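Novice: run.txt is reproduced in full below (compact mmCIF, C-alpha atoms).
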# COMPACT_ATOMS: atom_id res chain seq x y z
CA MET M 1 8.05 -25.15 1.51
CA SER M 2 7.45 -22.15 -0.66
CA ILE M 3 7.56 -21.48 -4.37
CA ILE M 4 10.91 -20.12 -5.57
CA SER M 5 11.27 -18.01 -8.73
CA PHE M 6 14.41 -16.53 -10.24
CA THR M 7 15.79 -15.24 -13.53
CA VAL M 8 19.18 -16.11 -14.99
CA PRO M 9 20.45 -13.39 -17.35
CA GLY M 10 22.24 -14.31 -20.56
CA PRO M 11 21.61 -16.81 -23.32
CA PRO M 12 20.75 -20.39 -22.29
CA TYR M 13 23.21 -23.15 -23.21
CA ALA M 14 22.54 -26.84 -23.78
CA GLN M 15 24.30 -29.64 -21.94
CA PRO M 16 27.05 -30.89 -24.29
CA ARG M 17 27.35 -34.55 -25.18
CA GLN M 18 29.98 -36.57 -23.37
CA ARG M 19 33.19 -36.97 -25.36
CA HIS M 20 34.83 -40.39 -25.42
CA PRO M 21 38.53 -41.03 -26.00
CA VAL M 22 39.48 -41.66 -29.62
CA MET M 23 40.79 -45.14 -30.36
CA ALA M 24 43.55 -45.50 -32.93
CA SER M 25 46.18 -48.06 -33.73
CA SER M 26 49.92 -47.67 -33.91
CA GLY M 27 51.84 -50.62 -35.28
CA GLY M 28 48.84 -52.89 -34.75
CA LYS M 29 48.49 -51.92 -31.08
CA PRO M 30 45.48 -49.91 -29.89
CA VAL M 31 46.27 -46.42 -28.64
CA VAL M 32 43.83 -44.20 -26.73
CA HIS M 33 44.07 -40.45 -27.32
CA ASN M 34 42.60 -38.42 -24.49
CA TYR M 35 42.13 -34.95 -25.88
CA PRO M 36 41.93 -32.12 -23.31
CA PRO M 37 38.38 -31.17 -22.41
CA THR M 38 37.14 -27.98 -23.97
CA VAL M 39 35.74 -25.21 -21.85
CA ALA M 40 32.05 -25.50 -22.58
CA PRO M 41 29.95 -22.31 -22.49
CA VAL M 42 27.45 -24.20 -20.35
CA ASN M 43 29.83 -24.04 -17.35
CA PRO M 44 29.49 -20.27 -16.68
CA TRP M 45 25.74 -20.56 -17.33
CA ASN M 46 25.50 -23.37 -14.74
CA ALA M 47 27.34 -21.15 -12.24
CA ALA M 48 24.90 -18.30 -12.93
CA ILE M 49 21.96 -20.68 -12.38
CA GLN M 50 23.41 -21.87 -9.07
CA HIS M 51 24.05 -18.29 -7.92
CA ALA M 52 20.51 -17.13 -8.82
CA ALA M 53 18.90 -20.20 -7.23
CA THR M 54 20.92 -19.81 -4.02
CA ALA M 55 19.94 -16.14 -3.77
CA ALA M 56 16.25 -16.98 -4.34
CA ILE M 57 16.31 -19.74 -1.72
CA GLN M 58 17.94 -17.41 0.82
CA GLN M 59 15.45 -14.65 0.04
CA ALA M 60 12.56 -17.07 0.57
CA GLN M 61 14.18 -17.92 3.92
CA GLN M 62 13.98 -21.59 3.05
CA ILE M 63 16.61 -23.80 4.61
CA GLY M 64 18.23 -25.79 1.81
CA GLY M 65 16.32 -26.91 -1.23
CA PHE M 66 13.41 -29.26 -1.75
CA ASP M 67 13.40 -32.76 -0.27
CA ALA M 68 10.02 -33.74 -1.74
CA PRO M 69 8.91 -34.08 -5.38
CA VAL M 70 9.53 -30.84 -7.29
CA ALA M 71 7.54 -29.06 -9.98
CA LEU M 72 9.72 -27.17 -12.48
CA VAL M 73 8.53 -24.42 -14.81
CA ALA M 74 11.13 -22.85 -17.11
CA LEU M 75 11.08 -20.35 -19.95
CA PHE M 76 14.22 -20.21 -22.10
CA VAL M 77 14.42 -16.88 -23.96
CA MET M 78 16.89 -17.32 -26.82
CA PRO M 79 18.75 -14.43 -28.51
CA ARG M 80 16.94 -12.78 -31.40
CA PRO M 81 18.72 -13.24 -34.77
CA ALA M 82 19.72 -10.03 -36.53
CA SER M 83 17.91 -11.27 -39.65
CA LYS M 84 14.60 -11.29 -37.72
CA THR M 85 14.95 -7.74 -36.35
CA ARG M 86 12.93 -4.97 -37.98
CA LYS M 87 13.55 -1.30 -37.43
CA THR M 88 10.05 0.08 -37.97
CA LYS M 89 7.69 -2.85 -37.31
CA PRO M 90 7.09 -4.64 -34.00
CA ASN M 91 9.38 -7.52 -33.09
CA PRO M 92 7.22 -9.95 -31.09
CA SER M 93 8.61 -13.12 -29.57
CA TYR M 94 7.88 -16.43 -31.27
CA PRO M 95 8.60 -20.12 -30.60
CA HIS M 96 12.23 -21.12 -31.08
CA THR M 97 12.50 -24.22 -33.26
CA GLY M 98 16.25 -24.41 -33.91
CA LYS M 99 19.15 -25.74 -31.91
CA PRO M 100 19.74 -26.17 -29.02
CA ASP M 101 17.15 -28.85 -28.30
CA LEU M 102 14.74 -28.20 -25.44
CA ASP M 103 15.60 -31.47 -23.69
CA ASN M 104 19.31 -30.57 -23.63
CA LEU M 105 18.48 -27.15 -22.14
CA GLU M 106 16.34 -28.86 -19.49
CA LYS M 107 19.16 -31.30 -18.71
CA ALA M 108 21.67 -28.47 -18.23
CA LEU M 109 19.20 -26.60 -15.98
CA CYS M 110 18.41 -29.64 -13.82
CA ASP M 111 22.08 -30.59 -13.52
CA ALA M 112 22.93 -27.06 -12.36
CA LEU M 113 20.12 -27.07 -9.77
CA GLN M 114 21.12 -30.46 -8.38
CA GLY M 115 22.58 -30.01 -4.93
CA VAL M 116 21.35 -26.40 -4.74
CA ALA M 117 17.57 -26.43 -5.13
CA PHE M 118 17.03 -30.17 -4.74
CA ASN M 119 19.12 -33.19 -3.79
CA ASN M 120 18.84 -35.04 -7.09
CA ASP M 121 17.29 -34.11 -10.43
CA SER M 122 15.22 -37.29 -10.23
CA GLN M 123 13.03 -35.36 -7.73
CA VAL M 124 11.59 -33.33 -10.63
CA ALA M 125 8.18 -35.00 -10.93
CA SER M 126 6.43 -32.32 -12.98
CA LYS M 127 7.94 -30.16 -15.68
CA PHE M 128 6.67 -27.46 -18.05
CA THR M 129 9.26 -25.80 -20.26
CA ARG M 130 9.19 -23.55 -23.32
CA LYS M 131 11.81 -21.95 -25.52
CA ILE M 132 11.11 -18.73 -27.37
CA VAL M 133 13.02 -16.10 -29.31
CA ALA M 134 13.37 -12.79 -27.48
CA ALA M 135 11.08 -9.95 -28.48
CA GLY M 136 12.63 -6.78 -29.84
CA GLY M 137 14.61 -5.11 -27.07
CA GLU M 138 14.31 -8.12 -24.74
CA GLN M 139 17.50 -9.74 -23.48
CA PRO M 140 18.07 -13.52 -23.56
CA GLN M 141 17.44 -15.12 -20.19
CA THR M 142 16.03 -18.12 -18.38
CA GLU M 143 13.05 -17.75 -16.05
CA VAL M 144 12.69 -20.58 -13.52
CA THR M 145 9.99 -21.39 -10.98
CA LEU M 146 10.33 -24.30 -8.54
CA GLY M 147 7.81 -25.53 -6.04
CA PRO M 148 6.42 -28.61 -4.35
CA VAL M 149 4.31 -30.77 -6.63
CA GLU M 150 1.29 -30.40 -4.30
CA GLN M 151 1.08 -26.63 -4.90
CA GLU M 152 1.56 -27.02 -8.65
CA THR M 153 -1.16 -29.66 -9.02
CA ALA M 154 -3.60 -27.82 -6.75
CA ALA M 155 -4.16 -25.25 -9.51
CA LEU M 156 -5.03 -27.91 -12.10
CA PRO M 157 -8.68 -28.70 -12.82
CA PRO M 158 -9.94 -32.02 -11.40
CA GLU M 159 -9.73 -35.05 -13.66
CA THR M 160 -12.96 -36.26 -15.22
CA ASP M 161 -13.77 -39.76 -16.42
Would you put the structure from the file into structure tokens?
Specialist:
Amino acid sequence: MSIISFTVPGPPYAQPRQRHPVMASSGGKPVVHNYPPTVAPVNPWNAAIQHAATAAIQQAQQIGGFDAPVALVALFVMPRPASKTRKTKPNPSYPHTGKPDLDNLEKALCDALQGVAFNNDSQVASKFTRKIVAAGGEQPQTEVTLGPVEQETAALPPETD
């Protein structure tokens, strides 16, 4: 197995929370209102992730995804707010501390890769993720690297007691 890297253009989206039916009562009898599901912006982003991952897997000439434990490295580059853009001074990137939460971004990414890059997202045994604000002129995107855990841990220094 080889290491697979790809970039997903566009702003990252978090996995939305599951919506439950609303309980109400009408004449003392419970009534369940099932509101139509909204079209979440995470759905097109998931499709873009699947497309980029499939192309990267085909380019690496790897048949299917990973069957063994997977190491995931992801960088979420969030859009730069207009209030943080300067015309004459440099606009470096910096850590993103607002919403969406990093764990919800990771969940959306792993759910999108399930069935494409690996069989189940429980195969992700090692994970390193960051979320930053785009530098001036940089576009929002998600950079993903997947590989077997053995290759990822081989670069780590040995443990000492």
Novice: List the spatial neighbours of Glu143 in chain M as a list in words - criterion: any atom at most 7 Å away, only C-alpha atoms, same-chain residues fewer than 2 positions off excluded.
Specialist: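 Here the qualifying residues turn out to be Phe6, Thr7, Val8, Ala74, Leu75, Phe76, Gln141 and Thr145 of chain M.
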Novice: So that I have them on file, write out the residues from the current selection with C-alpha atoms, as a JSON list (two decimals), in the frame of the given file.
Specialist:
[["chain", "number", "residue", "atom", "x", "y", "z"],
["M", 6, "PHE", "CA", 14.41, -16.53, -10.24],
["M", 7, "THR", "CA", 15.79, -15.24, -13.53],
["M", 8, "VAL", "CA", 19.18, -16.11, -14.99],
["M", 74, "ALA", "CA", 11.13, -22.85, -17.11],
["M", 75, "LEU", "CA", 11.08, -20.35, -19.95],
["M", 76, "PHE", "CA", 14.22, -20.21, -22.10],
["M", 141, "GLN", "CA", 17.44, -15.12, -20.19],
["M", 145, "THR", "CA", 9.99, -21.39, -10.98]]
Novice: Nearest residue to Pro11 in chain M out of M:Phe118, M:Ala53, M:Thr85, M:Pro100, using only C-alpha atoms?
Specialist: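 Distance minimum relative to Pro11 in chain M lands on M:Pro100.
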Novice: Report, in Å with one decimal, the straight-line distance from CA of Thr129 in chain M to CA of Thr142 in chain M.
Specialist: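 Here the two named atoms are 10.4 Å from each other.
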Novice: If I take CA of Ala108 in chain M and CA of Leu72 in chain M, how far is one from the other in Å, to one decimal?
Specialist: 13.3 Å
Novice: What is the CA of Glu106 in chain M-CA of Pro92 in chain M distance in Å, reported with one decimal?
Specialist: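 About the pair CA of Glu106 in chain M and CA of Pro92 in chain M: they are 24.0 Å apart.
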Novice: Between M:Val73, M:Ala14, M:Ile132, M:Leu109, which is the closest to Gly147 in chain M once you count only C-alpha atoms?
Specialist: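 Smallest separation from Gly147 in chain M among the options: M:Val73.
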Novice: Of the candidates M:Asp101, M:Phe66, M:Gln114, M:Met78, which one gets nearest to Pro9 in chain M if we count all atoms listed in the file?
Specialist: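 That would be M:Met78, the residue with the smallest distance to Pro9 in chain M.
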Novice: Could you please give me, as a ChimeraX atom specification, the residues of protein, DNA or RNA lying at most 12 Å from (28.5, -19.6, -17.0) in the coordinate frame of the file, considering all atoms listed in the file?
Specialist: /M:8-15,39-52,108-109,112
Novice: Give, as JSON, the centre coordinates and the x, y and z edge lengths in Å to one decimal for an axis-aligned box around all listed atoms of range 48-53 of chain M, padded by 8 Å on each side.
Specialist:
{"center_x": 21.9, "center_y": -19.5, "center_z": -10.1, "size_x": 22.0, "size_y": 20.7, "size_z": 21.7}
